[in-house]
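Listing of target.pdb; format and content: PDB, C-alpha atoms.
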```
ATOM      1  CA  MET A   1       0.000   0.000   0.000  1.00  0.00           C
ATOM      2  CA  THR A   2       1.230   3.460  -0.835  1.00  0.00           C
ATOM      3  CA  PRO A   3       0.609   6.495   1.397  1.00  0.00           C
ATOM      4  CA  ASN A   4      -1.922   7.753  -1.174  1.00  0.00           C
ATOM      5  CA  ASP A   5      -3.939   4.526  -0.801  1.00  0.00           C
ATOM      6  CA  MET A   6      -4.332   5.212   2.914  1.00  0.00           C
ATOM      7  CA  GLN A   7      -5.575   8.803   2.513  1.00  0.00           C
ATOM      8  CA  PRO A   8      -9.332   9.293   2.438  1.00  0.00           C
ATOM      9  CA  ASP A   9     -10.810  10.166  -0.951  1.00  0.00           C
ATOM     10  CA  PRO A  10     -11.831  13.847  -0.729  1.00  0.00           C
ATOM     11  CA  VAL A  11     -14.759  13.382  -3.119  1.00  0.00           C
ATOM     12  CA  LYS A  12     -16.131  10.435  -1.162  1.00  0.00           C
ATOM     13  CA  SER A  13     -15.598  12.339   2.061  1.00  0.00           C
ATOM     14  CA  ARG A  14     -17.583  15.322   0.797  1.00  0.00           C
ATOM     15  CA  LEU A  15     -20.313  13.073  -0.606  1.00  0.00           C
ATOM     16  CA  GLN A  16     -20.574  11.397   2.778  1.00  0.00           C
ATOM     17  CA  ARG A  17     -20.913  14.781   4.511  1.00  0.00           C
ATOM     18  CA  ILE A  18     -23.633  15.814   2.053  1.00  0.00           C
ATOM     19  CA  ARG A  19     -25.397  12.478   2.502  1.00  0.00           C
ATOM     20  CA  SER A  20     -25.174  12.823   6.274  1.00  0.00           C
ATOM     21  CA  ARG A  21     -26.576  16.363   6.208  1.00  0.00           C
ATOM     22  CA  LEU A  22     -29.487  15.319   3.994  1.00  0.00           C
ATOM     23  CA  GLU A  23     -30.209  12.324   6.242  1.00  0.00           C
ATOM     24  CA  ASP A  24     -30.250  14.641   9.265  1.00  0.00           C
ATOM     25  CA  GLU A  25     -32.681  16.965   7.476  1.00  0.00           C
ATOM     26  CA  ARG A  26     -34.869  14.008   6.435  1.00  0.00           C
ATOM     27  CA  ASP A  27     -34.932  12.766  10.039  1.00  0.00           C
ATOM     28  CA  ARG A  28     -35.841  16.249  11.316  1.00  0.00           C
ATOM     29  CA  ILE A  29     -38.717  16.524   8.846  1.00  0.00           C
ATOM     30  CA  CYS A  30     -39.943  12.989   9.639  1.00  0.00           C
ATOM     31  CA  ALA A  31     -39.973  13.850  13.347  1.00  0.00           C
ATOM     32  CA  GLU A  32     -41.941  17.022  12.598  1.00  0.00           C
ATOM     33  CA  ILE A  33     -44.427  15.002  10.550  1.00  0.00           C
ATOM     34  CA  ARG A  34     -44.844  12.486  13.403  1.00  0.00           C
ATOM     35  CA  ARG A  35     -45.521  15.328  15.876  1.00  0.00           C
ATOM     36  CA  TYR A  36     -48.012  17.063  13.586  1.00  0.00           C
ATOM     37  CA  PRO A  37     -51.362  17.465  15.335  1.00  0.00           C
ATOM     38  CA  THR A  38     -54.137  15.221  14.098  1.00  0.00           C
ATOM     39  CA  PRO A  39     -56.546  15.025  12.401  1.00  0.00           C
ATOM     40  CA  ILE A  40     -54.790  16.381   9.323  1.00  0.00           C
ATOM     41  CA  PRO A  41     -57.037  17.719   6.571  1.00  0.00           C
ATOM     42  CA  ARG A  42     -55.943  16.995   2.999  1.00  0.00           C
ATOM     43  CA  CYS A  43     -55.745  20.700   2.271  1.00  0.00           C
ATOM     44  CA  ASP A  44     -53.251  21.426   5.093  1.00  0.00           C
ATOM     45  CA  ALA A  45     -50.595  23.324   3.106  1.00  0.00           C
ATOM     46  CA  GLN A  46     -47.941  23.216   5.842  1.00  0.00           C
ATOM     47  CA  PHE A  47     -48.249  19.446   6.300  1.00  0.00           C
ATOM     48  CA  ASN A  48     -48.255  18.870   2.546  1.00  0.00           C
ATOM     49  CA  HIS A  49     -45.121  21.004   2.263  1.00  0.00           C
ATOM     50  CA  LEU A  50     -43.384  18.830   4.885  1.00  0.00           C
ATOM     51  CA  ILE A  51     -44.320  15.719   2.912  1.00  0.00           C
ATOM     52  CA  GLU A  52     -42.971  17.303  -0.297  1.00  0.00           C
ATOM     53  CA  GLN A  53     -39.715  18.274   1.449  1.00  0.00           C
ATOM     54  CA  ARG A  54     -39.261  14.761   2.838  1.00  0.00           C
ATOM     55  CA  ASP A  55     -39.947  13.162  -0.536  1.00  0.00           C
ATOM     56  CA  SER A  56     -37.532  15.548  -2.258  1.00  0.00           C
ATOM     57  CA  ILE A  57     -34.752  14.687   0.175  1.00  0.00           C
ATOM     58  CA  VAL A  58     -35.389  10.960  -0.240  1.00  0.00           C
ATOM     59  CA  ARG A  59     -35.127  11.395  -4.035  1.00  0.00           C
ATOM     60  CA  GLU A  60     -31.896  13.365  -3.680  1.00  0.00           C
ATOM     61  CA  LEU A  61     -30.379  10.736  -1.392  1.00  0.00           C
ATOM     62  CA  GLN A  62     -31.169   8.092  -4.009  1.00  0.00           C
ATOM     63  CA  HIS A  63     -29.726  10.339  -6.720  1.00  0.00           C
ATOM     64  CA  ILE A  64     -26.495  10.682  -4.722  1.00  0.00           C
ATOM     65  CA  GLU A  65     -26.278   6.914  -4.363  1.00  0.00           C
ATOM     66  CA  ASP A  66     -26.886   6.377  -8.074  1.00  0.00           C
ATOM     67  CA  MET A  67     -24.341   8.976  -9.168  1.00  0.00           C
ATOM     68  CA  ALA A  68     -21.706   7.876  -6.670  1.00  0.00           C
ATOM     69  CA  ALA A  69     -22.049   4.262  -7.797  1.00  0.00           C
ATOM     70  CA  SER A  70     -21.795   5.033 -11.497  1.00  0.00           C
ATOM     71  CA  ALA A  71     -19.410   7.997 -11.653  1.00  0.00           C
ATOM     72  CA  ALA A  72     -15.671   8.138 -11.473  1.00  0.00           C
ATOM     73  CA  ASP A  73     -14.206   9.885  -8.448  1.00  0.00           C
ATOM     74  CA  ASP A  74     -14.531  13.377  -9.777  1.00  0.00           C
ATOM     75  CA  ALA A  75     -15.396  16.523  -7.853  1.00  0.00           C
ATOM     76  CA  ARG A  76     -17.746  17.558 -10.677  1.00  0.00           C
ATOM     77  CA  ILE A  77     -20.280  14.938  -9.599  1.00  0.00           C
ATOM     78  CA  ILE A  78     -20.762  16.804  -6.329  1.00  0.00           C
ATOM     79  CA  ASP A  79     -21.582  20.043  -8.139  1.00  0.00           C
ATOM     80  CA  ALA A  80     -23.900  18.161 -10.503  1.00  0.00           C
ATOM     81  CA  ILE A  81     -25.729  16.519  -7.613  1.00  0.00           C
ATOM     82  CA  ILE A  82     -26.343  19.869  -5.952  1.00  0.00           C
ATOM     83  CA  GLU A  83     -27.326  21.717  -9.134  1.00  0.00           C
ATOM     84  CA  GLN A  84     -29.657  18.982 -10.415  1.00  0.00           C
ATOM     85  CA  SER A  85     -31.418  18.583  -7.112  1.00  0.00           C
ATOM     86  CA  SER A  86     -34.923  19.809  -6.495  1.00  0.00           C
ATOM     87  CA  LEU A  87     -33.969  21.026  -3.025  1.00  0.00           C
ATOM     88  CA  ASP A  88     -34.679  24.585  -2.034  1.00  0.00           C
ATOM     89  CA  ASP A  89     -32.001  27.253  -2.437  1.00  0.00           C
ATOM     90  CA  ALA A  90     -31.124  27.413   1.275  1.00  0.00           C
ATOM     91  CA  VAL A  91     -30.299  23.694   1.369  1.00  0.00           C
ATOM     92  CA  LYS A  92     -28.321  23.972  -1.883  1.00  0.00           C
ATOM     93  CA  ARG A  93     -26.274  26.837  -0.387  1.00  0.00           C
ATOM     94  CA  GLU A  94     -25.577  24.758   2.704  1.00  0.00           C
ATOM     95  CA  LEU A  95     -24.477  21.782   0.597  1.00  0.00           C
ATOM     96  CA  ARG A  96     -22.189  24.024  -1.477  1.00  0.00           C
ATOM     97  CA  GLN A  97     -20.656  25.276   1.763  1.00  0.00           C
ATOM     98  CA  ILE A  98     -19.997  21.675   2.832  1.00  0.00           C
ATOM     99  CA  THR A  99     -18.154  21.035  -0.425  1.00  0.00           C
ATOM    100  CA  ARG A 100     -15.902  23.977   0.290  1.00  0.00           C
ATOM    101  CA  GLY A 101     -14.915  22.474   3.624  1.00  0.00           C
ATOM    102  CA  PRO A 102     -11.383  21.698   4.839  1.00  0.00           C
ATOM    103  CA  ASP A 103     -10.658  18.824   2.489  1.00  0.00           C
ATOM    104  CA  ALA A 104     -12.012  20.769  -0.508  1.00  0.00           C
ATOM    105  CA  ALA A 105      -9.120  23.185  -0.154  1.00  0.00           C
ATOM    106  CA  ALA A 106      -6.652  20.339   0.312  1.00  0.00           C
ATOM    107  CA  SER A 107      -7.733  18.666  -2.917  1.00  0.00           C
ATOM    108  CA  ARG A 108      -6.939  21.690  -5.078  1.00  0.00           C
TER     109      ARG A 108
END
```

Please express what this file holds, its structure, as structure tokens.
Amino acid sequence: MTPNDMQPDPVKSRLQRIRSRLEDERDRICAEIRRYPTPIPRCDAQFNHLIEQRDSIVRELQHIEDMAASAADDARIIDAIIEQSSLDDAVKRELRQITRGPDAAASR
């Protein structure tokens, strides 16, 4: 094994941080859905928005898995994942910030 083989892959590391952040957000939304007061009318816009957010995050997590499995280790896949996502702008900004973390600078 060479020293480079023992170093963590910066792309995989950043993907894992993004995945972890999205899983945390999914868990937060799921907890909010579970605590939502019942009965819930079908026209409850706030509840429906929570469901849409949760579903969007689940889709993005699957998208990350699909891209990570099929793509070469290339930092461009991270940008593509974020840009192609249907997440709201605040979450996209947060994910971009994650990609500019400590190992993003080291990989340049």

| field | the PyMOL selection byres ((chain A and resi 33) around 10) applied to the shown file, residues as a ChimeraX atom specification | value | /A:27-32,34-37,47-48,50-51,54

| field | Result set, the PyMOL selection byres ((chain A and resi 65) around 12) on current file, as a PyMOL selection string | value | chain A and resi 12+15-16+18-19+58-64+66-71+77-78+81

List, as a PDB file with C-alpha atoms, in the frame of the given file, every residue that the PyMOL selection byres ((chain A and resi 98) around 12) selects in the file provided.
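The new file result33.pdb reads:
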```pdb
ATOM      1  CA  PRO A  10     -11.831  13.847  -0.729  1.00  0.00           C
ATOM      2  CA  VAL A  11     -14.759  13.382  -3.119  1.00  0.00           C
ATOM      3  CA  SER A  13     -15.598  12.339   2.061  1.00  0.00           C
ATOM      4  CA  ARG A  14     -17.583  15.322   0.797  1.00  0.00           C
ATOM      5  CA  LEU A  15     -20.313  13.073  -0.606  1.00  0.00           C
ATOM      6  CA  GLN A  16     -20.574  11.397   2.778  1.00  0.00           C
ATOM      7  CA  ARG A  17     -20.913  14.781   4.511  1.00  0.00           C
ATOM      8  CA  ILE A  18     -23.633  15.814   2.053  1.00  0.00           C
ATOM      9  CA  ARG A  19     -25.397  12.478   2.502  1.00  0.00           C
ATOM     10  CA  SER A  20     -25.174  12.823   6.274  1.00  0.00           C
ATOM     11  CA  ARG A  21     -26.576  16.363   6.208  1.00  0.00           C
ATOM     12  CA  LEU A  22     -29.487  15.319   3.994  1.00  0.00           C
ATOM     13  CA  ILE A  78     -20.762  16.804  -6.329  1.00  0.00           C
ATOM     14  CA  ASP A  79     -21.582  20.043  -8.139  1.00  0.00           C
ATOM     15  CA  ILE A  82     -26.343  19.869  -5.952  1.00  0.00           C
ATOM     16  CA  VAL A  91     -30.299  23.694   1.369  1.00  0.00           C
ATOM     17  CA  LYS A  92     -28.321  23.972  -1.883  1.00  0.00           C
ATOM     18  CA  ARG A  93     -26.274  26.837  -0.387  1.00  0.00           C
ATOM     19  CA  GLU A  94     -25.577  24.758   2.704  1.00  0.00           C
ATOM     20  CA  LEU A  95     -24.477  21.782   0.597  1.00  0.00           C
ATOM     21  CA  ARG A  96     -22.189  24.024  -1.477  1.00  0.00           C
ATOM     22  CA  GLN A  97     -20.656  25.276   1.763  1.00  0.00           C
ATOM     23  CA  THR A  99     -18.154  21.035  -0.425  1.00  0.00           C
ATOM     24  CA  ARG A 100     -15.902  23.977   0.290  1.00  0.00           C
ATOM     25  CA  GLY A 101     -14.915  22.474   3.624  1.00  0.00           C
ATOM     26  CA  PRO A 102     -11.383  21.698   4.839  1.00  0.00           C
ATOM     27  CA  ASP A 103     -10.658  18.824   2.489  1.00  0.00           C
ATOM     28  CA  ALA A 104     -12.012  20.769  -0.508  1.00  0.00           C
ATOM     29  CA  ALA A 105      -9.120  23.185  -0.154  1.00  0.00           C
TER      30      ALA A 105
END
```

| query | How far is it from CA of Gln46 (chain A) to CA of Asp89 (chain A), in Å with one decimal? | reply | 18.4 Å

| task | Have a look at CA of Pro39 (chain A) and CA of Gln53 (chain A) and let me know their distance in Å, one decimal. | result | 20.3 Å

| Nearest residue to Ser86 (chain A) from the set A:Asp24, A:Ile57, A:His49, A:Cys43 (distances using only C-alpha atoms) | A:Ile57

| Interatomic distance, CA of Glu52 (chain A) to CA of Arg76 (chain A) (Å, one decimal) |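 One can read the CA of Glu52 (chain A) to CA of Arg76 (chain A) distance as 27.3 Å.
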